[in-house]
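Asker: My questions all concern the structure below.
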Amino acid sequence: MEITRIEIILILGLSAYALRALPQLFLVGRNFPERWDRLLRYLSYAFLCSIISTTLFMTGARFHSDAALCRAVALVLTMVIARRTQSAVTGMLAGMSLLLILSWLR
């Protein structure tokens, strides 16, 4: 049985949500140490990055090697712009725009 891309995204999204929400539910009223909060935040970001990479480079169980270079360039641009502007949304919009432009040029 093959797992579709949407199923992978849903599983990873629920995992990221559970990773942040479950400790908050079970430890109500307690303060997290800064280290734990940062660790949980970075693990959530890692799950989101895995969702993005799955969406960018794969369809179903197939890796698209012909479009991988353009998509990798768009991903790097997304990360650079998001870091410089301190806005993930701005980075995603820039990366999406570059990906659309590069796909039209091919």
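Residue numbering restarts at 1 in every chain; chains get A, B, ... in the order shown in the structure tokens, and ligands count up from 1 in that same order.
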Env of Leu19 of chain A: 10 Å cut, atoms = only C-alpha atoms, seq-sep filter 2 positions within chain, self excluded. Answer as a compact mmCIF listing (two decimals) with N, CA and C atoms, in the first residue's frame.
Answerer:
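File selection27.txt, as written:
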# COMPACT_ATOMS: atom_id res chain seq x y z
N GLY A 13 2.25 16.78 10.00
CA GLY A 13 1.61 17.92 10.64
C GLY A 13 1.03 17.57 12.00
N LEU A 14 0.38 16.42 12.09
CA LEU A 14 -0.15 15.98 13.38
C LEU A 14 0.98 15.68 14.37
N SER A 15 2.09 15.15 13.87
CA SER A 15 3.24 14.90 14.75
C SER A 15 3.80 16.21 15.29
N ALA A 16 3.92 17.22 14.44
CA ALA A 16 4.42 18.51 14.89
C ALA A 16 3.46 19.14 15.90
N TYR A 17 2.17 19.02 15.65
CA TYR A 17 1.19 19.56 16.58
C TYR A 17 1.24 18.83 17.93
N ALA A 21 1.77 20.37 21.54
CA ALA A 21 0.56 20.47 22.37
C ALA A 21 0.54 19.51 23.55
N LEU A 22 1.00 18.30 23.36
CA LEU A 22 0.91 17.31 24.44
C LEU A 22 1.66 17.72 25.71
N PRO A 23 2.89 18.21 25.63
CA PRO A 23 3.52 18.66 26.87
C PRO A 23 2.76 19.80 27.54
N GLN A 24 2.15 20.66 26.76
CA GLN A 24 1.37 21.76 27.33
C GLN A 24 0.13 21.22 28.05
N LEU A 40 11.54 21.98 21.81
CA LEU A 40 10.24 21.66 21.22
C LEU A 40 9.94 22.54 20.01
N ARG A 41 10.34 23.80 20.08
CA ARG A 41 10.12 24.70 18.95
C ARG A 41 10.94 24.26 17.74
N LEU A 43 12.13 21.25 17.11
CA LEU A 43 11.61 19.99 16.60
C LEU A 43 10.37 20.21 15.74
N SER A 44 9.54 21.15 16.13
CA SER A 44 8.37 21.48 15.31
C SER A 44 8.82 22.05 13.97
N PHE A 47 9.90 19.22 11.75
CA PHE A 47 8.78 18.54 11.12
C PHE A 47 8.22 19.36 9.96
Asker: In chain A, what's helix (DSSP H, G or I) per DSSP? Answer as an MDAnalysis selection string?
Answerer: chainID A and resid 5:26 34:57 68:85 88:105
Asker: Would you please work out which residue, of A:Leu27, A:Leu77, A:Ala67, A:Ala18, is nearest to Thr90 of chain A when using only C-alpha atoms?
Answerer: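 Closest to Thr90 of chain A, using only C-alpha atoms: A:Leu77.
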Asker: Mind the document's chain letters and residue numbers, and return as a ChimeraX atom specification the residues of chain A that DSSP labels strand (DSSP E).
Answerer: /A:58-59,62-63
Asker: Need to verify the contact set: Leu75 of chain A, 12 Å, only C-alpha atoms, exclusion of same-chain residues closer than 2 positions in sequence. Can you return it as a PyMOL selection string?
Answerer: chain A and resi 49+52-53+55-57+68-73+77-82+91-99
Asker: Could you state the separation of atom CA of Leu12 of chain A and atom CA of Ala46 of chain A in Å, given to one decimal place?
Answerer: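 So the answer is 9.9 Å.
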